[in-house]
>>> print(open('work_3.txt').read())   # compact mmCIF, C-alpha atoms
# COMPACT_ATOMS: atom_id res chain seq x y z
CA MET V 1 22.62 -9.12 -26.39
CA GLY V 2 22.83 -11.77 -29.03
CA ALA V 3 21.40 -11.41 -32.51
CA SER V 4 17.97 -9.83 -32.09
CA THR V 5 14.73 -10.95 -33.67
CA GLN V 6 12.50 -8.48 -35.46
CA VAL V 7 9.50 -7.63 -33.29
CA PRO V 8 6.22 -6.91 -35.12
CA ASP V 9 4.27 -3.72 -34.50
CA GLU V 10 0.99 -5.57 -33.88
CA GLU V 11 0.01 -8.10 -31.23
CA HIS V 12 1.14 -11.63 -31.93
CA ASP V 13 1.44 -15.07 -30.37
CA ASP V 14 4.73 -15.73 -28.63
CA ALA V 15 6.40 -19.12 -28.26
CA SER V 16 4.06 -20.04 -25.38
CA GLY V 17 1.01 -19.23 -27.50
CA ARG V 18 0.15 -16.19 -25.39
CA TYR V 19 -1.14 -13.24 -27.42
CA ARG V 20 0.96 -10.17 -26.63
CA PRO V 21 1.29 -6.58 -27.87
CA GLY V 22 4.50 -5.70 -29.67
CA TYR V 23 5.40 -3.01 -27.13
CA GLU V 24 5.11 -5.59 -24.33
CA LEU V 25 7.59 -7.90 -26.05
CA VAL V 26 10.02 -5.04 -26.62
CA ALA V 27 9.65 -3.89 -22.99
CA GLU V 28 10.59 -7.40 -21.91
CA GLN V 29 13.58 -7.44 -24.26
CA LEU V 30 14.68 -4.05 -22.98
CA LEU V 31 14.59 -5.25 -19.36
CA ASN V 32 16.63 -8.29 -20.40
CA TYR V 33 19.12 -5.99 -22.14
CA ILE V 34 19.51 -3.91 -18.96
CA ALA V 35 20.16 -7.08 -16.94
CA GLU V 36 22.60 -8.53 -19.48
CA GLN V 37 24.57 -5.29 -19.60
CA ASN V 38 24.50 -5.13 -15.78
CA LEU V 39 23.19 -1.58 -15.91
CA ARG V 40 22.34 0.10 -12.63
CA ALA V 41 20.24 3.03 -11.46
CA GLY V 42 21.36 6.20 -13.20
CA ASP V 43 23.11 4.44 -16.10
CA ARG V 44 22.32 5.92 -19.50
CA LEU V 45 20.79 3.82 -22.27
CA PRO V 46 21.16 4.29 -26.03
CA THR V 47 18.73 6.55 -27.85
CA GLU V 48 15.33 5.25 -28.99
CA GLN V 49 16.79 4.67 -32.42
CA GLY V 50 19.79 2.87 -30.96
CA LEU V 51 17.57 0.69 -28.78
CA ALA V 52 15.35 -0.11 -31.76
CA GLN V 53 18.39 -1.35 -33.67
CA ILE V 54 19.70 -3.36 -30.73
CA LEU V 55 16.31 -4.96 -30.07
CA GLY V 56 15.35 -5.47 -33.70
CA ALA V 57 12.14 -3.46 -33.31
CA SER V 58 10.59 -0.47 -35.01
CA ARG V 59 11.21 2.92 -33.46
CA ASN V 60 7.47 3.44 -32.79
CA VAL V 61 7.15 0.18 -30.83
CA THR V 62 10.39 0.91 -28.98
CA ARG V 63 9.05 4.34 -28.02
CA GLU V 64 5.87 2.78 -26.58
CA ALA V 65 7.95 0.23 -24.65
CA VAL V 66 10.06 3.03 -23.17
CA LYS V 67 6.89 4.92 -22.18
CA VAL V 68 5.49 1.88 -20.38
CA LEU V 69 8.72 1.15 -18.53
CA SER V 70 8.95 4.80 -17.56
CA ALA V 71 5.35 4.72 -16.31
CA ILE V 72 6.03 1.78 -13.99
CA GLY V 73 9.25 3.31 -12.70
CA ARG V 74 11.89 1.18 -14.43
CA LEU V 75 13.21 3.90 -16.76
CA SER V 76 13.65 7.65 -16.49
CA VAL V 77 13.31 9.77 -19.63
CA ARG V 78 14.90 13.20 -19.27
CA ARG V 79 14.15 15.70 -21.97
CA GLY V 80 17.32 16.70 -23.75
CA ALA V 81 19.43 14.27 -21.72
CA GLY V 82 18.30 10.78 -22.75
CA ILE V 83 16.96 7.54 -21.33
CA PHE V 84 18.28 6.25 -18.01
CA VAL V 85 17.76 3.30 -15.71
CA ALA V 86 15.50 4.76 -13.03
CA ASP V 87 16.74 5.38 -9.52
CA SER V 88 15.41 2.94 -6.93
CA ALA V 89 12.29 4.29 -5.23
CA GLY V 90 11.91 1.49 -2.73
CA GLY V 91 15.30 1.21 -1.10
CA LEU V 92 16.69 -2.17 -0.14
CA VAL V 93 14.25 -4.44 -2.00
CA ASP V 94 14.30 -2.50 -5.25
CA ASP V 95 18.10 -2.32 -5.18
CA HIS V 96 18.41 -6.08 -4.93
CA PHE V 97 15.57 -6.86 -7.35
CA SER V 98 16.30 -4.18 -9.93
CA HIS V 99 16.45 -6.81 -12.68
CA PHE V 100 13.07 -8.37 -11.87
CA ARG V 101 11.33 -9.31 -15.14
CA PRO V 102 7.63 -8.51 -14.67
CA THR V 103 6.56 -10.54 -17.73
CA SER V 104 8.53 -13.65 -16.81
CA MET V 105 6.31 -16.32 -15.23
CA GLU V 106 9.37 -17.76 -13.48
CA ASP V 107 10.20 -14.41 -11.89
CA VAL V 108 6.56 -13.72 -10.97
CA LEU V 109 6.13 -17.10 -9.27
CA MET V 110 9.37 -16.62 -7.34
CA LEU V 111 8.13 -13.18 -6.31
CA LEU V 112 4.84 -14.64 -5.04
CA ASP V 113 6.78 -17.27 -3.12
CA TYR V 114 8.95 -14.57 -1.55
CA ARG V 115 5.86 -12.50 -0.78
CA THR V 116 4.33 -15.51 1.01
CA VAL V 117 7.39 -15.86 3.23
CA ILE V 118 7.66 -12.15 4.03
CA GLU V 119 3.99 -11.28 4.51
CA SER V 120 3.05 -14.37 6.51
CA GLU V 121 5.78 -13.60 9.04
CA THR V 122 4.76 -9.95 9.03
CA ALA V 123 1.17 -10.92 9.84
CA ARG V 124 2.35 -13.31 12.56
CA ARG V 125 4.36 -10.56 14.26
CA ALA V 126 1.59 -8.01 13.83
CA ALA V 127 -0.78 -10.31 15.75
CA THR V 128 1.76 -10.43 18.58
CA LEU V 129 3.02 -6.84 18.62
CA ALA V 130 0.27 -4.57 17.27
CA THR V 131 -0.86 -1.73 19.52
CA PRO V 132 -4.59 -0.94 19.85
CA ILE V 133 -4.18 2.00 17.46
CA GLU V 134 -2.42 -0.21 14.91
CA VAL V 135 -5.12 -2.86 15.23
CA ARG V 136 -7.75 -0.22 14.55
CA THR V 137 -5.86 1.03 11.49
CA ILE V 138 -5.57 -2.50 10.09
CA ARG V 139 -9.26 -3.21 10.68
CA GLU V 140 -10.40 0.13 9.24
CA SER V 141 -8.36 -0.31 6.05
CA ALA V 142 -9.72 -3.85 5.66
CA GLU V 143 -13.29 -2.61 6.10
CA THR V 144 -12.67 0.18 3.58
CA SER V 145 -11.34 -2.34 1.07
CA LEU V 146 -14.49 -4.43 1.53
CA VAL V 147 -16.77 -1.47 0.87
CA ALA V 148 -14.78 -0.64 -2.27
CA GLY V 149 -14.67 -4.27 -3.35
CA ARG V 150 -18.44 -4.72 -3.06
CA ALA V 151 -18.90 -1.55 -5.10
CA ASN V 152 -16.33 -2.77 -7.65
CA ASP V 153 -14.48 0.48 -7.03
CA GLY V 154 -11.01 -0.38 -8.28
CA TYR V 155 -9.42 2.94 -7.36
CA GLY V 156 -10.87 2.91 -3.84
CA PHE V 157 -9.87 -0.71 -3.38
CA ALA V 158 -6.30 -0.05 -4.55
CA GLU V 159 -5.85 2.67 -1.95
CA ALA V 160 -7.37 0.59 0.84
CA ASP V 161 -5.39 -2.49 -0.23
CA GLU V 162 -2.14 -0.56 -0.06
CA ALA V 163 -3.10 0.92 3.31
CA PHE V 164 -4.02 -2.51 4.70
CA HIS V 165 -0.77 -4.27 3.79
CA ASP V 166 1.29 -1.28 4.92
CA ALA V 167 -0.58 -1.19 8.24
CA VAL V 168 0.15 -4.88 8.83
CA GLY V 169 3.79 -4.20 7.98
CA ALA V 170 3.92 -1.28 10.41
CA ALA V 171 2.37 -3.39 13.18
CA ALA V 172 5.19 -5.94 12.85
CA HIS V 173 7.51 -3.27 14.29
CA ASN V 174 10.38 -4.11 11.95
CA VAL V 175 11.33 -1.47 9.39
CA PHE V 176 12.96 -4.04 7.12
CA LEU V 177 9.88 -6.25 7.00
CA ARG V 178 7.69 -3.23 6.30
CA SER V 179 10.02 -2.06 3.53
CA SER V 180 10.13 -5.55 2.04
CA VAL V 181 6.33 -5.78 1.94
CA ALA V 182 6.06 -2.42 0.18
CA GLY V 183 8.88 -3.20 -2.24
CA VAL V 184 7.65 -6.64 -3.26
CA ARG V 185 4.15 -5.29 -3.90
CA ARG V 186 5.57 -2.55 -6.13
CA LEU V 187 7.30 -5.23 -8.19
CA ALA V 188 4.10 -7.30 -8.39
CA SER V 189 2.17 -4.29 -9.64
CA GLN V 190 4.58 -4.03 -12.60
CA SER V 191 3.39 -7.45 -13.72
CA ASP V 192 -0.23 -6.33 -13.38
CA VAL V 193 0.46 -3.43 -15.73
CA LEU V 194 2.50 -5.25 -18.36
CA LEU V 195 0.61 -8.56 -18.38
CA PHE V 196 -2.94 -7.46 -17.63
CA HIS V 197 -2.92 -3.76 -18.56
CA GLY V 198 -4.26 -2.92 -15.10
CA ASP V 199 -7.20 -5.36 -15.11
CA ALA V 200 -7.79 -7.19 -11.85
CA PRO V 201 -6.75 -10.84 -11.96
CA GLY V 202 -9.58 -11.72 -9.60
CA SER V 203 -12.43 -10.58 -7.36
CA LEU V 204 -11.89 -7.44 -5.34
CA GLU V 205 -14.58 -8.51 -2.87
CA VAL V 206 -12.92 -11.87 -2.20
CA ALA V 207 -9.58 -10.18 -1.56
CA ALA V 208 -11.25 -7.67 0.77
CA GLU V 209 -12.98 -10.41 2.77
CA GLN V 210 -9.58 -12.01 3.24
CA HIS V 211 -8.22 -8.67 4.45
CA LEU V 212 -10.97 -8.55 7.07
CA ALA V 213 -10.29 -12.10 8.26
CA ILE V 214 -6.59 -11.30 8.68
CA ALA V 215 -7.47 -8.10 10.54
CA GLU V 216 -9.67 -10.02 12.98
CA ALA V 217 -6.93 -12.60 13.60
CA VAL V 218 -4.44 -9.80 14.31
CA ALA V 219 -6.94 -8.10 16.62
CA ALA V 220 -7.46 -11.36 18.51
CA GLY V 221 -3.72 -11.90 18.86
CA GLU V 222 -3.92 -15.22 17.00
CA ALA V 223 -0.47 -15.20 15.43
CA ASP V 224 -0.55 -18.61 13.74
CA LEU V 225 -4.00 -17.98 12.29
CA ALA V 226 -2.98 -14.54 10.99
CA ALA V 227 0.01 -16.09 9.24
CA GLU V 228 -2.10 -18.92 7.77
CA LEU V 229 -4.73 -16.48 6.49
CA MET V 230 -2.05 -14.34 4.85
CA VAL V 231 -0.60 -17.43 3.14
CA ALA V 232 -4.10 -18.29 1.87
CA HIS V 233 -4.60 -14.69 0.71
CA ILE V 234 -1.45 -14.74 -1.40
CA ALA V 235 -2.25 -18.24 -2.68
CA THR V 236 -5.57 -16.88 -3.92
CA THR V 237 -3.73 -14.08 -5.69
CA GLN V 238 -1.47 -16.65 -7.35
CA SER V 239 -4.37 -18.83 -8.50
CA GLN V 240 -6.17 -15.78 -9.86
CA PHE V 241 -3.00 -14.73 -11.64
CA GLU V 242 -2.55 -18.17 -13.21
CA ARG V 243 -6.20 -18.28 -14.26
CA LYS V 244 -5.87 -14.88 -15.92
CA ILE V 245 -2.85 -16.14 -17.84
CA ARG V 246 -4.87 -19.16 -19.00
CA ASP V 247 -7.64 -16.82 -20.13
CA ARG V 248 -5.12 -14.93 -22.23
CA LEU V 249 -3.97 -18.20 -23.76
CA PHE V 250 -7.37 -19.51 -24.77
CA ASN V 251 -9.86 -16.65 -24.84
CA VAL V 252 -9.86 -14.83 -28.16
CA ASP V 253 -11.95 -12.05 -26.64
CA SER V 254 -9.04 -11.19 -24.34
CA ARG V 255 -7.06 -9.91 -27.32
CA GLY V 256 -7.76 -6.29 -26.62
CA ALA V 257 -6.26 -3.07 -27.88
CA SER V 258 -2.54 -3.22 -28.49
CA GLY V 259 -1.77 0.20 -27.10
CA PRO V 260 0.11 0.66 -23.82
CA PRO V 261 -1.66 1.13 -20.48
CA ALA V 262 -2.56 4.57 -19.21
CA GLN V 263 0.06 6.75 -17.62
CA PRO V 264 0.26 6.77 -13.79
CA SER V 265 -2.12 9.24 -12.20
CA ARG V 266 -0.95 9.45 -8.63
CA ARG V 267 2.01 8.97 -6.33
CA ALA V 268 2.15 7.17 -3.00
CA GLY V 269 4.90 6.56 -0.50
CA GLY V 270 7.35 8.67 -2.49
CA ALA V 271 7.31 6.31 -5.49
CA ALA V 272 5.58 6.57 -8.84
CA ASP V 273 2.48 4.42 -8.74
CA GLU V 274 1.81 2.07 -11.60
CA PRO V 275 -1.13 2.84 -13.90
CA ARG V 276 -4.38 1.64 -12.38
CA SER V 277 -7.64 0.90 -14.17
CA PRO V 278 -11.08 0.92 -12.51
CA GLU V 279 -10.36 -2.77 -11.75
CA SER V 280 -6.94 -2.56 -10.23
CA SER V 281 -5.19 -5.64 -8.92
CA ALA V 282 -6.85 -7.63 -6.17
CA SER V 283 -4.04 -8.61 -3.86
>>> encode(input="work_3.txt", output="structure tokens")
Amino acid sequence: MGASTQVPDEEHDDASGRYRPGYELVAEQLLNYIAEQNLRAGDRLPTEQGLAQILGASRNVTREAVKVLSAIGRLSVRRGAGIFVADSAGGLVDDHFSHFRPTSMEDVLMLLDYRTVIESETARRAATLATPIEVRTIRESAETSLVAGRANDGYGFAEADEAFHDAVGAAAHNVFLRSSVAGVRRLASQSDVLLFHGDAPGSLEVAAEQHLAIAEAVAAGEADLAAELMVAHIATTQSQFERKIRDRLFNVDSRGASGPPAQPSRRAGGAADEPRSPESSAS
């Protein structure tokens, strides 16, 4: 990396005017360092002290940044061995997108665009190819997400949301599409953690109602409608995301605690889940 700039321990306004915790800035710098050095899964990083010197940050803030990146599955900290770039948990997608920057608006918008392409086609194929059992699974997970959304049950919604999108992916009968859907959503959840500290960018109930509409289109075999509804669903996620960013820019009350998000509490699909709050991402 080039000459580094000292990163403060407290939250501060970055060049865009967005108020950000020091650990979040250092986490972003560390991901950039990994990309610039072309480090891959399993490669060892310098010590915390070495990283602090490279990034121009205090050791305490660097430690918090490492904890956060470890929690979302980007780093692996092995006691007595050091800090490593984490092994890919999601296969093909994670391998290709290992340098995704979850706090970069450019990267996030490209990810949402990619998600639109992948998930709309997945929904289209699901409406054509889904078996009766797969249709029932899609509908049941959508209904479960609606119950959780109306109750503002973030944990319940997160599980149903994951089950719904995976069920649509499974019904497309293409292992690469299904893997891509799962992988791209894992990357998106990293942005939720680092940018929003696990808070939902929008209404859980609205997202769940969209799930149900997609499920009904798939059940009816309406391929074009299923694809259109999935595009609208992801567009809603993007607008909610952009609105949340604007809130962080202009709402002083959004300047919350500067500590890192909670550690992950569960595992799903063989990969470490990102930390979830009671209002996990509506997507």
>>> closest_residue(input="work_3.txt", among="V:Asn60, V:Ser104, V:Thr47, V:Thr131", to="Arg79 of chain V", atoms="all atoms listed in the file")
V:Thr47
>>> closest_residue(input="work_3.txt", among="V:Thr128, V:Thr62, V:Asn38, V:Gln53", to="Ala217 of chain V", atoms="all atoms listed in the file")
V:Thr128
>>> atom_distance(input="work_3.txt", atom1="atom CA of Gly50 of chain V", atom2="atom CA of Tyr33 of chain V")
12.5 Å
>>> atom_distance(input="work_3.txt", atom1="atom CA of Ala219 of chain V", atom2="atom CA of Thr137 of chain V")
10.5 Å
>>> closest_atom_pairs(input="work_3.txt", of="segment 103-163 of chain V", to="segment 236-241 of chain V", cutoff="10 Å", atoms="all atoms listed in the file", output="Markdown table")
| residue | atom | partner | partner_atom | distance |
| --- | --- | --- | --- | --- |
| V:Val108 | CA | V:Gln238 | CA | 9.3 |
| V:Leu109 | CA | V:Gln238 | CA | 7.9 |
| V:Leu112 | CA | V:Gln238 | CA | 7.0 |
| V:Asp113 | CA | V:Gln238 | CA | 9.3 |
>>> residues_around(input="work_3.txt", residues="segment 228-230 of chain V", least_positions_apart="3", cutoff="7 Å", atoms="only C-alpha atoms", output="short mmCIF file (atom, residue, chain, number, x, y, z; two decimals) with C-alpha atoms, keeping the file's coordinate frame")
data_model
loop_
_atom_site.label_atom_id
_atom_site.label_comp_id
_atom_site.auth_asym_id
_atom_site.auth_seq_id
_atom_site.Cartn_x
_atom_site.Cartn_y
_atom_site.Cartn_z
CA GLU V 119 3.99 -11.28 4.51
CA SER V 120 3.05 -14.37 6.51
CA ALA V 123 1.17 -10.92 9.84
CA ILE V 214 -6.59 -11.30 8.68
CA ASP V 224 -0.55 -18.61 13.74
CA LEU V 225 -4.00 -17.98 12.29
CA HIS V 233 -4.60 -14.69 0.71
CA ILE V 234 -1.45 -14.74 -1.40
#
>>> atom_distance(input="work_3.txt", atom1="atom CA of Ala226 of chain V", atom2="atom CA of Glu106 of chain V")
27.6 Å
>>> residues_around(input="work_3.txt", residues="Ala163 of chain V", least_positions_apart="5", cutoff="10 Å", atoms="all atoms listed in the file", output="ChimeraX atom specification")
/V:137-138,140-142,144-145,157-158,168-169
>>> write_last_selection(input="work_3.txt", atoms="C-alpha atoms", output="compact mmCIF listing (two decimals), keeping the file's coordinate frame")
# COMPACT_ATOMS: atom_id res chain seq x y z
CA THR V 137 -5.86 1.03 11.49
CA ILE V 138 -5.57 -2.50 10.09
CA GLU V 140 -10.40 0.13 9.24
CA SER V 141 -8.36 -0.31 6.05
CA ALA V 142 -9.72 -3.85 5.66
CA THR V 144 -12.67 0.18 3.58
CA SER V 145 -11.34 -2.34 1.07
CA PHE V 157 -9.87 -0.71 -3.38
CA ALA V 158 -6.30 -0.05 -4.55
CA VAL V 168 0.15 -4.88 8.83
CA GLY V 169 3.79 -4.20 7.98
>>> closest_residue(input="work_3.txt", among="V:Ala208, V:Val135, V:Leu194, V:Ala126", to="Glu162 of chain V", atoms="all atoms listed in the file")
V:Ala208
>>> axis_aligned_box(input="work_3.txt", around="segment 143-151 of chain V", padding_each_side="3 Å", output="lines of an AutoDock Vina configuration file")
center_x = -15.1
center_y = -2.3
center_z = 0.5
size_x = 13.6
size_y = 10.9
size_z = 17.2
>>> build_atoms(input="work_3.txt", residues="segment 172-195 of chain V", atoms="N, CA, C and O atoms", output="tab-separated table (two decimals), in the coordinates of the input")
chain	number	residue	atom	x	y	z
V	172	ALA	N	4.16	-4.94	12.56
V	172	ALA	CA	5.19	-5.94	12.85
V	172	ALA	C	6.39	-5.33	13.56
V	172	ALA	O	7.25	-6.05	14.07
V	173	HIS	N	6.45	-4.00	13.57
V	173	HIS	CA	7.51	-3.27	14.29
V	173	HIS	C	8.91	-3.67	13.83
V	173	HIS	O	9.82	-3.84	14.66
V	174	ASN	N	9.06	-3.81	12.53
V	174	ASN	CA	10.38	-4.11	11.95
V	174	ASN	C	10.45	-3.36	10.62
V	174	ASN	O	9.74	-3.70	9.66
V	175	VAL	N	11.29	-2.34	10.56
V	175	VAL	CA	11.33	-1.47	9.39
V	175	VAL	C	11.73	-2.23	8.13
V	175	VAL	O	11.29	-1.90	7.03
V	176	PHE	N	12.53	-3.29	8.29
V	176	PHE	CA	12.96	-4.04	7.12
V	176	PHE	C	11.84	-4.92	6.57
V	176	PHE	O	11.68	-5.06	5.36
V	177	LEU	N	11.04	-5.49	7.46
V	177	LEU	CA	9.88	-6.25	7.00
V	177	LEU	C	8.89	-5.32	6.30
V	177	LEU	O	8.36	-5.64	5.24
V	178	ARG	N	8.64	-4.17	6.90
V	178	ARG	CA	7.69	-3.23	6.30
V	178	ARG	C	8.17	-2.78	4.92
V	178	ARG	O	7.40	-2.71	3.96
V	179	SER	N	9.46	-2.48	4.81
V	179	SER	CA	10.02	-2.06	3.53
V	179	SER	C	9.95	-3.18	2.51
V	179	SER	O	9.66	-2.95	1.33
V	180	SER	N	10.19	-4.41	2.95
V	180	SER	CA	10.13	-5.55	2.04
V	180	SER	C	8.73	-5.76	1.50
V	180	SER	O	8.53	-6.04	0.32
V	181	VAL	N	7.73	-5.64	2.37
V	181	VAL	CA	6.33	-5.78	1.94
V	181	VAL	C	6.00	-4.74	0.88
V	181	VAL	O	5.42	-5.06	-0.17
V	182	ALA	N	6.36	-3.48	1.14
V	182	ALA	CA	6.06	-2.42	0.18
V	182	ALA	C	6.81	-2.64	-1.12
V	182	ALA	O	6.24	-2.47	-2.22
V	183	GLY	N	8.08	-3.03	-1.04
V	183	GLY	CA	8.88	-3.20	-2.24
V	183	GLY	C	8.40	-4.35	-3.10
V	183	GLY	O	8.31	-4.23	-4.32
V	184	VAL	N	8.07	-5.47	-2.49
V	184	VAL	CA	7.65	-6.64	-3.26
V	184	VAL	C	6.31	-6.39	-3.92
V	184	VAL	O	6.03	-6.87	-5.03
V	185	ARG	N	5.45	-5.61	-3.29
V	185	ARG	CA	4.15	-5.29	-3.90
V	185	ARG	C	4.31	-4.32	-5.06
V	185	ARG	O	3.57	-4.39	-6.04
V	186	ARG	N	5.31	-3.43	-4.99
V	186	ARG	CA	5.57	-2.55	-6.13
V	186	ARG	C	6.01	-3.38	-7.34
V	186	ARG	O	5.60	-3.12	-8.48
V	187	LEU	N	6.85	-4.39	-7.09
V	187	LEU	CA	7.30	-5.23	-8.19
V	187	LEU	C	6.12	-6.01	-8.77
V	187	LEU	O	5.99	-6.14	-9.99
V	188	ALA	N	5.25	-6.53	-7.91
V	188	ALA	CA	4.10	-7.30	-8.39
V	188	ALA	C	3.18	-6.44	-9.24
V	188	ALA	O	2.61	-6.91	-10.24
V	189	SER	N	3.06	-5.17	-8.88
V	189	SER	CA	2.17	-4.29	-9.64
V	189	SER	C	2.71	-4.04	-11.05
V	189	SER	O	1.94	-3.75	-11.97
V	190	GLN	N	4.03	-4.16	-11.25
V	190	GLN	CA	4.58	-4.03	-12.60
V	190	GLN	C	4.07	-5.14	-13.50
V	190	GLN	O	3.79	-4.92	-14.69
V	191	SER	N	3.94	-6.34	-12.95
V	191	SER	CA	3.39	-7.45	-13.72
V	191	SER	C	1.93	-7.20	-14.06
V	191	SER	O	1.47	-7.52	-15.16
V	192	ASP	N	1.17	-6.64	-13.10
V	192	ASP	CA	-0.23	-6.33	-13.38
V	192	ASP	C	-0.35	-5.41	-14.58
V	192	ASP	O	-1.20	-5.59	-15.45
V	193	VAL	N	0.54	-4.41	-14.64
V	193	VAL	CA	0.46	-3.43	-15.73
V	193	VAL	C	0.86	-4.05	-17.06
V	193	VAL	O	0.15	-3.93	-18.07
V	194	LEU	N	1.99	-4.74	-17.10
V	194	LEU	CA	2.50	-5.25	-18.36
V	194	LEU	C	1.75	-6.48	-18.86
V	194	LEU	O	1.58	-6.66	-20.06
V	195	LEU	N	1.29	-7.33	-17.95
V	195	LEU	CA	0.61	-8.56	-18.38
V	195	LEU	C	-0.89	-8.38	-18.52
V	195	LEU	O	-1.51	-8.98	-19.40
